[in-house]
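One file, start12.cif, is given below (mmCIF, C-alpha atoms).
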data_input
loop_
_atom_site.label_atom_id
_atom_site.label_comp_id
_atom_site.auth_asym_id
_atom_site.auth_seq_id
_atom_site.Cartn_x
_atom_site.Cartn_y
_atom_site.Cartn_z
CA MET U 57 12.54 5.14 -72.33
CA SER U 58 12.80 1.34 -72.46
CA GLU U 59 16.29 1.59 -70.97
CA ASN U 60 14.81 3.56 -68.11
CA ARG U 61 12.12 0.97 -67.61
CA SER U 62 14.59 -1.92 -67.54
CA LYS U 63 16.69 -0.05 -64.99
CA ILE U 64 13.67 0.41 -62.75
CA LYS U 65 12.91 -3.27 -63.16
CA THR U 66 16.47 -4.18 -62.13
CA LEU U 67 16.26 -1.89 -59.09
CA ARG U 68 12.95 -3.35 -58.02
CA GLN U 69 14.22 -6.90 -58.43
CA LEU U 70 17.41 -6.00 -56.54
CA PHE U 71 15.39 -4.55 -53.67
CA LEU U 72 13.01 -7.51 -53.50
CA SER U 73 15.81 -10.10 -53.63
CA THR U 74 17.89 -8.53 -50.85
CA LEU U 75 14.70 -8.00 -48.83
CA TYR U 76 13.82 -11.66 -49.22
CA LEU U 77 17.33 -12.88 -48.38
CA SER U 78 17.57 -10.65 -45.34
CA ALA U 79 14.15 -11.66 -44.02
CA PHE U 80 14.86 -15.38 -44.11
CA THR U 81 18.53 -15.60 -43.20
CA PHE U 82 19.12 -16.82 -39.70
CA GLY U 83 22.64 -17.34 -38.51
CA GLY U 84 24.72 -14.48 -39.78
CA GLY U 85 27.06 -13.46 -42.56
CA TYR U 86 28.43 -16.70 -43.92
CA VAL U 87 24.99 -18.16 -44.45
CA ILE U 88 23.78 -15.14 -46.40
CA ILE U 89 26.81 -15.29 -48.70
CA THR U 90 25.85 -18.84 -49.72
CA LEU U 91 22.24 -17.79 -50.31
CA MET U 92 23.37 -14.76 -52.33
CA LYS U 93 25.38 -17.07 -54.58
CA GLN U 94 22.35 -19.31 -55.14
CA LYS U 95 20.12 -16.36 -55.95
CA PHE U 96 22.35 -14.07 -58.01
CA VAL U 97 24.75 -16.53 -59.69
CA ASP U 98 22.72 -19.72 -60.17
CA GLN U 99 19.19 -18.36 -60.41
CA LEU U 100 19.25 -14.82 -61.83
CA HIS U 101 22.66 -15.00 -63.61
CA TRP U 102 23.35 -11.38 -62.71
CA ILE U 103 27.01 -12.07 -61.88
CA ASP U 104 29.34 -14.99 -62.60
CA GLU U 105 31.12 -17.28 -60.16
CA ASP U 106 34.43 -15.36 -60.21
CA GLU U 107 32.72 -12.04 -59.54
CA MET U 108 30.93 -13.71 -56.64
CA LEU U 109 34.29 -14.71 -55.13
CA ASP U 110 35.51 -11.12 -55.49
CA LEU U 111 32.30 -9.93 -53.85
CA VAL U 112 32.85 -12.24 -50.89
CA ALA U 113 36.48 -11.11 -50.56
CA ILE U 114 35.46 -7.44 -50.46
CA ALA U 115 32.50 -8.05 -48.13
CA GLN U 116 34.67 -9.93 -45.65
CA SER U 117 37.58 -7.48 -45.79
CA SER U 118 35.40 -4.49 -44.96
CA PRO U 119 34.14 -3.62 -41.50
CA GLY U 120 30.43 -3.94 -40.77
CA PRO U 121 27.84 -6.67 -41.31
CA ILE U 122 28.82 -9.04 -44.16
CA ALA U 123 25.24 -9.13 -45.46
CA VAL U 124 25.17 -5.33 -45.82
CA ASN U 125 28.65 -5.24 -47.38
CA GLY U 126 27.66 -7.91 -49.89
CA ALA U 127 24.48 -6.00 -50.75
CA ILE U 128 26.52 -2.83 -51.36
CA VAL U 129 28.97 -4.51 -53.78
CA LEU U 130 26.13 -6.20 -55.64
CA GLY U 131 23.96 -3.08 -55.82
CA TYR U 132 26.84 -0.95 -57.07
CA LYS U 133 27.79 -3.51 -59.69
CA LEU U 134 24.27 -3.78 -61.09
CA ALA U 135 22.96 -0.23 -60.90
CA GLY U 136 25.47 2.22 -59.40
CA ILE U 137 24.55 4.45 -56.49
CA ALA U 138 20.81 3.84 -56.95
CA GLY U 139 21.59 0.12 -56.79
CA ILE U 140 23.44 0.53 -53.47
CA PHE U 141 20.48 2.42 -52.09
CA CYS U 142 17.95 -0.25 -53.10
CA SER U 143 19.97 -3.27 -52.00
CA VAL U 144 20.97 -1.78 -48.63
CA LEU U 145 17.39 -0.72 -47.98
CA GLY U 146 16.26 -4.27 -48.77
CA ALA U 147 18.87 -5.75 -46.44
CA VAL U 148 18.06 -3.41 -43.54
CA ILE U 149 14.24 -3.27 -43.57
CA PRO U 150 13.49 -6.82 -42.28
CA PRO U 151 15.68 -6.71 -39.14
CA PHE U 152 14.65 -3.08 -38.56
CA VAL U 153 10.93 -3.87 -38.60
CA ILE U 154 11.25 -7.07 -36.57
CA LEU U 155 13.42 -5.51 -33.84
CA THR U 156 11.23 -2.40 -33.68
CA VAL U 157 8.20 -4.59 -32.98
CA ILE U 158 10.12 -6.65 -30.38
CA SER U 159 11.51 -3.52 -28.78
CA PHE U 160 7.98 -2.14 -28.51
CA PHE U 161 6.85 -5.20 -26.56
CA TYR U 162 10.12 -5.71 -24.67
CA GLN U 163 8.98 -4.15 -21.39
CA ALA U 164 5.87 -6.34 -21.36
CA PHE U 165 8.04 -9.32 -22.39
CA LYS U 166 10.42 -8.63 -19.53
CA ASP U 167 7.69 -8.66 -16.91
CA SER U 168 6.27 -11.97 -18.09
CA ALA U 169 7.78 -14.80 -16.05
CA VAL U 170 7.07 -17.31 -18.82
CA ILE U 171 8.91 -15.27 -21.47
CA GLN U 172 11.71 -14.57 -18.98
CA SER U 173 12.37 -18.24 -18.34
CA LEU U 174 12.18 -18.99 -22.06
CA LEU U 175 14.72 -16.21 -22.75
CA ALA U 176 16.96 -17.34 -19.87
CA GLY U 177 17.03 -20.86 -21.27
CA MET U 178 17.74 -19.64 -24.78
CA THR U 179 20.59 -17.49 -23.44
CA CYS U 180 22.23 -20.69 -22.16
CA GLY U 181 21.97 -22.01 -25.72
CA VAL U 182 23.41 -18.78 -27.12
CA SER U 183 26.36 -18.97 -24.69
CA ALA U 184 27.07 -22.51 -25.87
CA VAL U 185 26.82 -21.47 -29.54
CA ILE U 186 29.25 -18.58 -29.02
CA MET U 187 31.69 -20.80 -27.13
CA SER U 188 31.48 -23.41 -29.87
CA VAL U 189 32.16 -20.80 -32.58
CA VAL U 190 35.09 -19.40 -30.56
CA PHE U 191 36.43 -22.94 -30.09
CA ASP U 192 36.45 -23.52 -33.86
CA MET U 193 38.01 -20.14 -34.65
CA ALA U 194 40.66 -20.40 -31.92
CA SER U 195 41.67 -23.94 -32.84
CA GLY U 196 42.00 -22.76 -36.46
CA ILE U 197 44.48 -20.13 -35.30
CA VAL U 198 46.40 -22.51 -33.02
CA LYS U 199 46.63 -25.06 -35.87
CA GLY U 200 48.10 -22.32 -38.11
CA LYS U 201 51.18 -22.52 -35.83
CA ASP U 202 52.12 -18.88 -36.33
CA PRO U 203 53.52 -17.90 -32.90
CA ILE U 204 52.82 -14.18 -33.47
CA LEU U 205 49.12 -14.79 -34.07
CA ILE U 206 48.79 -17.04 -31.03
CA VAL U 207 50.49 -14.40 -28.85
CA VAL U 208 48.18 -11.73 -30.33
CA MET U 209 45.17 -13.85 -29.42
CA ILE U 210 46.26 -14.37 -25.80
CA LEU U 211 47.31 -10.75 -25.29
CA ALA U 212 44.10 -9.44 -26.86
CA PHE U 213 42.06 -11.55 -24.48
CA ILE U 214 43.99 -10.34 -21.41
CA CYS U 215 43.82 -6.71 -22.56
CA ASN U 216 40.09 -6.91 -23.28
CA TYR U 217 38.78 -9.09 -20.48
CA VAL U 218 41.17 -8.51 -17.57
CA LEU U 219 42.64 -5.05 -18.20
CA LYS U 220 39.48 -3.63 -19.86
CA VAL U 221 41.48 -1.91 -22.61
CA ASN U 222 39.28 -0.12 -25.18
CA VAL U 223 38.22 -2.57 -27.92
CA ILE U 224 38.87 -0.03 -30.68
CA LEU U 225 42.44 0.52 -29.45
CA ILE U 226 43.11 -3.23 -29.62
CA ILE U 227 41.75 -3.36 -33.18
CA LEU U 228 43.77 -0.32 -34.29
CA PHE U 229 46.93 -1.81 -32.78
CA CYS U 230 46.36 -5.07 -34.69
CA VAL U 231 45.75 -3.16 -37.94
CA VAL U 232 49.11 -1.40 -37.54
CA LEU U 233 50.82 -4.67 -36.62
CA GLY U 234 49.23 -6.34 -39.65
CA VAL U 235 50.46 -3.62 -42.02
CA VAL U 236 54.01 -3.84 -40.61
CA LEU U 237 54.09 -7.65 -40.78
CA THR U 238 52.74 -7.66 -44.35
CA LEU U 239 55.32 -5.09 -45.46
CA ILE U 240 58.17 -7.12 -43.89
CA ARG U 241 56.87 -10.30 -45.53
CA THR U 242 56.58 -8.75 -49.01
CA ARG U 243 60.07 -7.27 -48.69
CA LYS U 244 61.50 -10.68 -47.75
CA GLU U 245 59.78 -12.30 -50.69
CA ALA U 246 61.10 -9.59 -53.02
CA GLU U 247 64.64 -10.20 -51.76
CA LYS U 248 64.29 -13.94 -52.34
CA SER U 249 63.24 -13.52 -55.97
CA MET D 145 21.67 15.09 -27.86
CA ILE D 146 20.66 11.43 -27.77
CA TYR D 147 20.24 11.13 -31.57
CA LEU D 148 23.80 12.28 -32.21
CA GLN D 149 25.15 10.01 -29.45
CA LEU D 150 23.31 7.02 -30.89
CA PHE D 151 24.57 7.82 -34.38
CA LEU D 152 28.20 8.24 -33.26
CA ALA D 153 28.22 5.17 -30.99
CA PHE D 154 26.91 2.93 -33.76
CA LEU D 155 29.16 4.60 -36.33
CA GLN D 156 32.12 3.30 -34.29
CA ILE D 157 30.55 -0.15 -34.02
CA GLY D 158 30.09 -0.21 -37.80
CA ALA D 159 33.58 1.07 -38.51
CA PHE D 160 35.54 -1.34 -36.32
CA SER D 161 33.68 -4.65 -36.50
CA PHE D 162 35.82 -6.64 -38.91
CA GLY D 163 34.80 -10.21 -39.65
CA GLY D 164 31.02 -9.97 -39.49
CA GLY D 165 28.50 -11.48 -37.08
CA TYR D 166 29.91 -11.99 -33.63
CA ALA D 167 32.77 -9.52 -34.22
CA ALA D 168 30.30 -6.70 -33.55
CA MET D 169 29.39 -8.09 -30.12
CA PRO D 170 32.39 -6.84 -28.09
CA LEU D 171 32.07 -3.40 -29.72
CA ILE D 172 28.36 -3.19 -28.96
CA GLN D 173 29.11 -4.19 -25.37
CA ALA D 174 31.85 -1.53 -25.09
CA GLN D 175 29.66 1.30 -26.41
CA VAL D 176 26.18 0.42 -25.21
CA ILE D 177 26.94 -0.95 -21.71
CA ASP D 178 30.36 0.29 -20.63
CA ARG D 179 30.42 3.72 -22.22
CA TYR D 180 26.86 5.02 -22.30
CA GLY D 181 25.04 2.62 -19.95
CA TRP D 182 22.07 2.44 -22.34
CA LEU D 183 21.50 -1.23 -21.52
CA SER D 184 22.18 -3.33 -18.43
CA MET D 185 24.12 -6.58 -18.84
CA ALA D 186 20.81 -8.46 -18.47
CA ASP D 187 19.23 -6.40 -21.29
CA PHE D 188 22.33 -6.93 -23.45
CA THR D 189 22.12 -10.68 -22.88
CA ASP D 190 18.45 -10.61 -23.91
CA LEU D 191 19.37 -8.54 -26.96
CA VAL D 192 22.03 -11.02 -28.11
CA THR D 193 19.56 -13.87 -27.61
CA ILE D 194 16.82 -12.05 -29.56
CA ALA D 195 19.32 -11.15 -32.31
CA GLU D 196 20.29 -14.81 -32.62
CA MET D 197 16.66 -15.88 -32.91
CA THR D 198 15.68 -13.29 -35.54
CA PRO D 199 17.02 -12.83 -39.08
CA GLY D 200 19.49 -10.10 -39.98
CA PRO D 201 22.95 -9.00 -38.85
CA ILE D 202 23.45 -8.62 -35.09
CA ALA D 203 24.77 -5.05 -35.53
CA ILE D 204 21.56 -3.91 -37.28
CA ASN D 205 19.44 -5.75 -34.72
CA ALA D 206 21.32 -4.05 -31.89
CA ALA D 207 21.13 -0.61 -33.51
CA THR D 208 17.38 -0.91 -34.02
CA PHE D 209 16.77 -2.25 -30.53
CA VAL D 210 18.93 0.23 -28.62
CA GLY D 211 17.75 3.17 -30.75
CA ASN D 212 14.13 2.25 -30.13
CA GLN D 213 14.65 1.79 -26.38
CA MET D 214 16.44 5.12 -26.00
CA ALA D 215 14.64 7.42 -28.43
CA GLY D 216 11.90 5.63 -30.34
CA ILE D 217 11.88 5.09 -34.09
CA PRO D 218 13.89 8.24 -34.93
CA GLY D 219 16.57 6.95 -32.55
CA ALA D 220 16.51 3.56 -34.24
CA LEU D 221 16.93 5.26 -37.63
CA CYS D 222 19.93 7.30 -36.39
CA ALA D 223 21.63 4.24 -34.89
CA THR D 224 20.99 2.07 -37.97
CA LEU D 225 22.23 4.79 -40.31
CA GLY D 226 25.36 5.08 -38.16
CA VAL D 227 26.07 1.38 -38.26
CA ILE D 228 25.80 1.03 -42.07
CA LEU D 229 27.50 4.29 -43.09
CA PRO D 230 31.10 3.02 -42.58
CA SER D 231 30.22 -0.08 -44.63
CA CYS D 232 28.98 2.06 -47.51
CA LEU D 233 32.14 4.19 -47.55
CA PHE D 234 34.66 1.41 -46.93
CA VAL D 235 33.14 -1.10 -49.36
CA SER D 236 32.99 1.53 -52.13
CA ILE D 237 36.66 2.44 -51.63
CA LEU D 238 37.73 -1.20 -51.44
CA ALA D 239 35.68 -2.15 -54.53
CA TYR D 240 37.29 0.73 -56.42
CA LEU D 241 40.82 -0.28 -55.37
CA TYR D 242 40.06 -3.89 -56.11
CA ASN D 243 38.81 -3.15 -59.62
CA ARG D 244 41.94 -1.10 -60.19
CA TYR D 245 44.63 -3.38 -58.78
CA ARG D 246 42.89 -6.76 -58.56
CA ASN D 247 44.86 -7.44 -55.41
CA LEU D 248 43.87 -7.37 -51.77
CA SER D 249 47.10 -8.84 -50.34
CA VAL D 250 47.80 -6.01 -47.88
CA MET D 251 44.17 -6.11 -46.74
CA LYS D 252 44.37 -9.90 -46.36
CA GLY D 253 47.57 -9.55 -44.32
CA VAL D 254 45.94 -7.04 -42.01
CA LEU D 255 42.85 -9.23 -41.60
CA GLY D 256 45.06 -12.21 -40.79
CA THR D 257 46.54 -10.33 -37.83
CA LEU D 258 43.15 -8.98 -36.82
CA ARG D 259 41.45 -12.37 -36.69
CA PRO D 260 43.10 -13.70 -33.49
CA ALA D 261 42.28 -10.44 -31.69
CA VAL D 262 38.67 -10.65 -32.88
CA VAL D 263 38.42 -14.26 -31.66
CA ALA D 264 39.81 -13.21 -28.27
CA MET D 265 37.31 -10.37 -27.95
CA ILE D 266 34.36 -12.55 -28.99
CA LEU D 267 35.48 -14.97 -26.27
CA ALA D 268 35.54 -12.13 -23.73
CA ALA D 269 32.03 -10.96 -24.70
CA GLY D 270 30.80 -14.57 -24.74
CA LEU D 271 32.22 -15.14 -21.25
CA SER D 272 30.33 -12.10 -19.94
CA ILE D 273 27.10 -13.52 -21.37
CA LEU D 274 27.87 -17.00 -20.05
CA LEU D 275 28.64 -15.75 -16.54
CA SER D 276 25.56 -13.55 -16.39
CA SER D 277 23.46 -16.53 -17.40
CA ILE D 278 24.84 -18.98 -14.82
CA PHE D 279 25.34 -16.50 -12.00
CA GLU D 280 22.97 -13.86 -10.63
CA GLY D 281 24.51 -10.49 -11.60
CA GLY D 282 27.31 -12.01 -13.70
CA LEU D 283 30.98 -11.52 -12.86
CA ALA D 284 30.33 -8.54 -10.58
CA GLY D 285 27.69 -10.52 -8.68
CA MET D 286 30.09 -13.43 -8.32
CA MET D 287 32.85 -11.14 -6.98
CA THR D 288 30.48 -9.58 -4.43
CA ALA D 289 29.39 -13.04 -3.35
CA PHE D 290 33.00 -14.13 -2.89
CA ARG D 291 33.81 -11.07 -0.82
CA SER D 292 30.83 -11.36 1.50
CA ALA D 293 31.24 -12.99 4.93
CA SER D 294 29.58 -16.30 4.19
CA ALA D 295 31.01 -16.66 0.70
CA SER D 296 29.96 -20.23 0.10
CA ALA D 297 26.36 -19.59 1.16
CA ALA D 298 26.10 -16.49 -1.02
CA LEU D 299 27.69 -18.35 -3.91
CA ALA D 300 25.23 -21.19 -3.55
CA SER D 301 22.26 -18.81 -3.55
CA GLY D 302 23.32 -16.90 -6.68
CA PHE D 303 24.54 -19.86 -8.67
CA ARG D 304 22.15 -21.34 -11.22
CA TRP D 305 23.11 -24.97 -11.52
CA ARG D 306 20.38 -25.74 -14.05
CA HIS D 307 21.69 -23.06 -16.40
CA LEU D 308 25.23 -24.41 -16.14
CA LEU D 309 23.96 -27.90 -17.01
CA LEU D 310 21.99 -26.47 -19.96
CA VAL D 311 25.08 -24.68 -21.30
CA ILE D 312 27.18 -27.85 -21.00
CA ALA D 313 24.48 -29.98 -22.63
CA ALA D 314 24.02 -27.49 -25.50
CA PHE D 315 27.79 -27.26 -26.02
CA PHE D 316 28.02 -31.04 -26.12
CA VAL D 317 25.22 -31.28 -28.70
CA LEU D 318 26.84 -28.59 -30.87
CA ARG D 319 30.25 -30.30 -30.79
CA LYS D 320 28.90 -33.79 -31.30
CA TRP D 321 26.52 -33.04 -34.19
CA LYS D 322 28.25 -30.29 -36.13
CA LYS D 323 25.44 -29.92 -38.66
CA VAL D 324 22.70 -29.27 -36.11
CA ASN D 325 20.93 -25.93 -36.55
CA PRO D 326 22.03 -23.62 -33.67
CA ILE D 327 18.56 -22.04 -33.55
CA LEU D 328 17.13 -25.48 -32.81
CA VAL D 329 19.60 -25.90 -29.91
CA MET D 330 18.69 -22.46 -28.53
CA THR D 331 14.96 -23.11 -28.82
CA GLY D 332 15.47 -26.48 -27.13
CA CYS D 333 17.26 -24.82 -24.20
CA GLY D 334 14.45 -22.28 -23.90
CA ILE D 335 11.79 -24.98 -23.85
CA VAL D 336 13.67 -27.06 -21.23
CA GLU D 337 13.99 -24.00 -18.99
CA LEU D 338 10.32 -23.13 -19.50
CA ILE D 339 9.22 -26.66 -18.58
CA CYS D 340 11.39 -26.55 -15.43
CA TYR D 341 9.77 -23.23 -14.54
CA LEU D 342 6.22 -24.48 -15.09
CA ILE D 343 6.69 -27.70 -13.12
#

Whole structure, C-alpha cells version:
Amino acid sequence: MSENRSKIKTLRQLFLSTLYLSAFTFGGGYVIITLMKQKFVDQLHWIDEDEMLDLVAIAQSSPGPIAVNGAIVLGYKLAGIAGIFCSVLGAVIPPFVILTVISFFYQAFKDSAVIQSLLAGMTCGVSAVIMSVVFDMASGIVKGKDPILIVVMILAFICNYVLKVNVILIILFCVVLGVVLTLIRTRKEAEKS
Amino acid sequence: MIYLQLFLAFLQIGAFSFGGGYAAMPLIQAQVIDRYGWLSMADFTDLVTIAEMTPGPIAINAATFVGNQMAGIPGALCATLGVILPSCLFVSILAYLYNRYRNLSVMKGVLGTLRPAVVAMILAAGLSILLSSIFEGGLAGMMTAFRSASASAALASGFRWRHLLLVIAAFFVLRKWKKVNPILVMTGCGIVELICYLI
C-alpha cells in the first residue's frame, strides 16, 4: 500500500517536473538538458552525474526532440512504462496548449498589420539566429579536418537545396555511409592491435 | 483521411530528425510545404518564428500548429502522437542496448557522418526562410522578378532592404556578443520593424 503511494508520488513529481521544465525552456534541446541536470541530479537526487551523461548520450543519439527523448529515458528509469507516460505527457502539454491557442488566433493575427510587421521583423532575427547556429556547426566540421565529412556537407547541401533530393533519402544515405565508415575504422583498429 | 496523413507525415519527421532542434526544420519543410502543401512558405516562416518565441521543441510546436490548422484539436493530437512515437520506440531500444553493452560507438560513428548532412540541410531551410524574409515571395519570387522584362525594376520593388539590414545587424550582434539571448535579438528585430511600420 505504502509502496503504491510512493510510486504515485514519484509519478506525480515526474509529471510536474517535466511539465515545469518544458513550459519554461526557450531555445531548444541543449538548454533543457542543462536544466534537467540541475533539477534531477542536483536538486532531487533522482539520478547521479554519470547516469545523466548516459541519458544525454541516448537522448542525442535518438531521432526526435531531445527534450522528449530525455524525458523518456528519465521516466523509464524512475518508474517504467508509467514513468515514460507521465514524463512525456509533461513535456508535451505546454507546447501543445500554447500552440493550440496561437493557432486558434492565427488567422486574426495574420490580418493584423501590427502583428504582421512584428512577426516579419522577428523572422529577420530568426534567420540571423539560424545562420549563426549553422556558422558555428559548419566551422566545427571544417575544423575537424576530415575530408569525407566536409565533402558530405557540401554534397548534402547541393542535393537538398539545388537538386531538391528528398531529405529522408539524404539522411538514410548518410546512415549507411556512417555504418560502413565505422566498420572500416574498427577493423583497422583491430588489425593494429 | 487527413488524420492519417497528419500522423504519417509527422511520424516521418519524428523518425528522421537526428540532432534535435533545428534538425527537424528541413523535414517539416519537406513534408508540410513540398509534399502536402498544408502551409505556404509565408505560414511556415511564421511558424518557425512562433516556435522560436515559445517554449518547447520545434517539432512538437509544428505538429500542434499544423494539426490544428488542418483538422482542429484531433488533428493536432494525431500529428503530435506521430512525432513522438518514433522517439518512444527508438529511445527504449537504445536504452536497452546501452544498458546491455554500455557502448554506443557504432551509433556515435553514424551520428558523426550524419552531422555534416544535418548542418547542410539546416542551412538550406534557413536560406529559404532568409530569402522569403528579404524578398517578396522568396526564391521563386526572385526568379520571376529576374525573368521579367524590366528585371531591375521588379527586383527593386520586391526587395526589402530594411529586412536585409535587420538580418545583418542581428547576425552581427549574435556573433559579437556570443552570450546574448537569441530571443532578445528576435524581439528587438520585431520591435524595430514595428516602429518602422508605425512611423

For this session: Please identify all polymer residues within 12 Å of Glu107 in chain U, counting only C-alpha atoms, omitting same-chain residues fewer than 4 positions from it, and present them as a ChimeraX atom specification.
Result: /U:93,96-97,101-103,111-114,126,129-130,133-134 /D:239,242-243,246

Counting only C-alpha atoms, what are the residues of range 208-290 of chain D within 9 Å of range 186-202 of chain U, and for each of them which pair of atoms is the nearest and at what distance in Å, to one decimal? Sort the table by chain and rising number, as a tab-separated table.
residue	atom	partner	partner_atom	distance
D:Arg259	CA	U:Ile197	CA	8.4
D:Pro260	CA	U:Ile197	CA	6.8
D:Val263	CA	U:Val190	CA	6.2
D:Ala264	CA	U:Ala194	CA	8.1
D:Ile266	CA	U:Val190	CA	7.1
D:Leu267	CA	U:Val190	CA	6.2
D:Gly270	CA	U:Ile186	CA	6.1
D:Leu271	CA	U:Met187	CA	8.2
D:Leu274	CA	U:Met187	CA	8.9

Exercise. What is the distance, in Å and to one decimal place, between CA of Gln116 in chain U and CA of Leu255 in chain D?
Worked result: 9.2 Å

Could you list, as a PDB file with C-alpha atoms, keeping the file's coordinate frame, every residue matched by the PyMOL selection byres ((chain U and resi 149-153) around 7) in this structure?
ATOM      1  CA  LEU U  75      14.700  -8.000 -48.830  1.00  0.00           C
ATOM      2  CA  SER U  78      17.570 -10.650 -45.340  1.00  0.00           C
ATOM      3  CA  ALA U  79      14.150 -11.660 -44.020  1.00  0.00           C
ATOM      4  CA  LEU U 145      17.390  -0.720 -47.980  1.00  0.00           C
ATOM      5  CA  GLY U 146      16.260  -4.270 -48.770  1.00  0.00           C
ATOM      6  CA  ALA U 147      18.870  -5.750 -46.440  1.00  0.00           C
ATOM      7  CA  VAL U 148      18.060  -3.410 -43.540  1.00  0.00           C
ATOM      8  CA  ILE U 154      11.250  -7.070 -36.570  1.00  0.00           C
ATOM      9  CA  LEU U 155      13.420  -5.510 -33.840  1.00  0.00           C
ATOM     10  CA  THR U 156      11.230  -2.400 -33.680  1.00  0.00           C
ATOM     11  CA  VAL U 157       8.200  -4.590 -32.980  1.00  0.00           C
TER      12      VAL U 157
ATOM     13  CA  PRO D 199      17.020 -12.830 -39.080  1.00  0.00           C
ATOM     14  CA  GLY D 200      19.490 -10.100 -39.980  1.00  0.00           C
ATOM     15  CA  ILE D 204      21.560  -3.910 -37.280  1.00  0.00           C
ATOM     16  CA  ASN D 205      19.440  -5.750 -34.720  1.00  0.00           C
ATOM     17  CA  THR D 208      17.380  -0.910 -34.020  1.00  0.00           C
TER      18      THR D 208
END

Exercise. Do you know which residues the PyMOL selection byres ((chain U and resi 208-223) around 12) returns on this file, as number ranges by chain?
Worked result: U: 190, 193-198, 202-207, 224-231, 233-234; D: 156-157, 160-162, 167-175, 178-179, 256-272, 283

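Taking all atoms listed in the file, the non-local environment of range 58-69 of chain U within 10 Å (same-chain residues fewer than 5 positions away omitted) comprises U:Thr74, U:Leu75, U:Leu100, U:Trp102, U:Gly131, U:Leu134, U:Ala135, U:Ala138, U:Gly139, U:Ile140, U:Phe141, U:Cys142, U:Ser143, U:Gly146.
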
Take the residues that were just selected and, keeping C-alpha atoms, output them as a tab-separated table (two decimals), keeping the file's coordinate frame.
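Resulting contents of again.tsv:
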chain	number	residue	atom	x	y	z
U	74	THR	CA	17.89	-8.53	-50.85
U	75	LEU	CA	14.70	-8.00	-48.83
U	100	LEU	CA	19.25	-14.82	-61.83
U	102	TRP	CA	23.35	-11.38	-62.71
U	131	GLY	CA	23.96	-3.08	-55.82
U	134	LEU	CA	24.27	-3.78	-61.09
U	135	ALA	CA	22.96	-0.23	-60.90
U	138	ALA	CA	20.81	3.84	-56.95
U	139	GLY	CA	21.59	0.12	-56.79
U	140	ILE	CA	23.44	0.53	-53.47
U	141	PHE	CA	20.48	2.42	-52.09
U	142	CYS	CA	17.95	-0.25	-53.10
U	143	SER	CA	19.97	-3.27	-52.00
U	146	GLY	CA	16.26	-4.27	-48.77

Exercise. Is there a way to get, as a VMD selection string, all residues within 12 Å of the point (34.2, -12.6, -49.4) in file coordinates, counting all atoms listed in the file?
Worked result: (chain U and resid 85 to 90 92 to 93 106 to 119 121 to 123 125 to 127 129) or (chain D and resid 163 to 164 235 239 248 252)

Convert the current residue selection to file output with C-alpha atoms, as a PDB file, in the coordinates of the input.
ATOM      1  CA  GLY U  85      27.060 -13.460 -42.560  1.00  0.00           C
ATOM      2  CA  TYR U  86      28.430 -16.700 -43.920  1.00  0.00           C
ATOM      3  CA  VAL U  87      24.990 -18.160 -44.450  1.00  0.00           C
ATOM      4  CA  ILE U  88      23.780 -15.140 -46.400  1.00  0.00           C
ATOM      5  CA  ILE U  89      26.810 -15.290 -48.700  1.00  0.00           C
ATOM      6  CA  THR U  90      25.850 -18.840 -49.720  1.00  0.00           C
ATOM      7  CA  MET U  92      23.370 -14.760 -52.330  1.00  0.00           C
ATOM      8  CA  LYS U  93      25.380 -17.070 -54.580  1.00  0.00           C
ATOM      9  CA  ASP U 106      34.430 -15.360 -60.210  1.00  0.00           C
ATOM     10  CA  GLU U 107      32.720 -12.040 -59.540  1.00  0.00           C
ATOM     11  CA  MET U 108      30.930 -13.710 -56.640  1.00  0.00           C
ATOM     12  CA  LEU U 109      34.290 -14.710 -55.130  1.00  0.00           C
ATOM     13  CA  ASP U 110      35.510 -11.120 -55.490  1.00  0.00           C
ATOM     14  CA  LEU U 111      32.300  -9.930 -53.850  1.00  0.00           C
ATOM     15  CA  VAL U 112      32.850 -12.240 -50.890  1.00  0.00           C
ATOM     16  CA  ALA U 113      36.480 -11.110 -50.560  1.00  0.00           C
ATOM     17  CA  ILE U 114      35.460  -7.440 -50.460  1.00  0.00           C
ATOM     18  CA  ALA U 115      32.500  -8.050 -48.130  1.00  0.00           C
ATOM     19  CA  GLN U 116      34.670  -9.930 -45.650  1.00  0.00           C
ATOM     20  CA  SER U 117      37.580  -7.480 -45.790  1.00  0.00           C
ATOM     21  CA  SER U 118      35.400  -4.490 -44.960  1.00  0.00           C
ATOM     22  CA  PRO U 119      34.140  -3.620 -41.500  1.00  0.00           C
ATOM     23  CA  PRO U 121      27.840  -6.670 -41.310  1.00  0.00           C
ATOM     24  CA  ILE U 122      28.820  -9.040 -44.160  1.00  0.00           C
ATOM     25  CA  ALA U 123      25.240  -9.130 -45.460  1.00  0.00           C
ATOM     26  CA  ASN U 125      28.650  -5.240 -47.380  1.00  0.00           C
ATOM     27  CA  GLY U 126      27.660  -7.910 -49.890  1.00  0.00           C
ATOM     28  CA  ALA U 127      24.480  -6.000 -50.750  1.00  0.00           C
ATOM     29  CA  VAL U 129      28.970  -4.510 -53.780  1.00  0.00           C
TER      30      VAL U 129
ATOM     31  CA  GLY D 163      34.800 -10.210 -39.650  1.00  0.00           C
ATOM     32  CA  GLY D 164      31.020  -9.970 -39.490  1.00  0.00           C
ATOM     33  CA  VAL D 235      33.140  -1.100 -49.360  1.00  0.00           C
ATOM     34  CA  ALA D 239      35.680  -2.150 -54.530  1.00  0.00           C
ATOM     35  CA  LEU D 248      43.870  -7.370 -51.770  1.00  0.00           C
ATOM     36  CA  LYS D 252      44.370  -9.900 -46.360  1.00  0.00           C
TER      37      LYS D 252
END

For this session: Have a look at CA of Lys166 in chain U and CA of Ala186 in chain D and let me know their distance in Å, one decimal.
Result: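 Interatomic distance, CA of Lys166 in chain U to CA of Ala186 in chain D: 10.4 Å.
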
Problem set entry | Residue neighbourhood range 332-340 of chain D, 8 Å, only C-alpha atoms, exclusion window fewer than 2 positions, as a PyMOL selection string | (chain U and resi 170+173-181) or (chain D and resi 310+314+328-330+342-343)

For this session: Evaluate the PyMOL selection byres ((chain D and resi 278) around 6) and record the selected residues as a count of residues only, following the chain and residue labels used in the document.
Result: 7

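The shortest atom-to-atom distance to chain D, with all atoms listed in the file taken into account, belongs to U:Thr238 out of U:Asp167, U:Tyr76, U:Asp98, U:Thr238.
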
Exercise. Hey, can you check how far CA of Leu148 in chain D sits from CA of Glu196 in chain D?
Worked result: 27.3 Å

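Using all atoms listed in the file for every distance, the candidate list U:Val236, U:Leu91, U:Ile171, U:Ile158 yields U:Ile158 as the residue closest to Ile194 in chain D.
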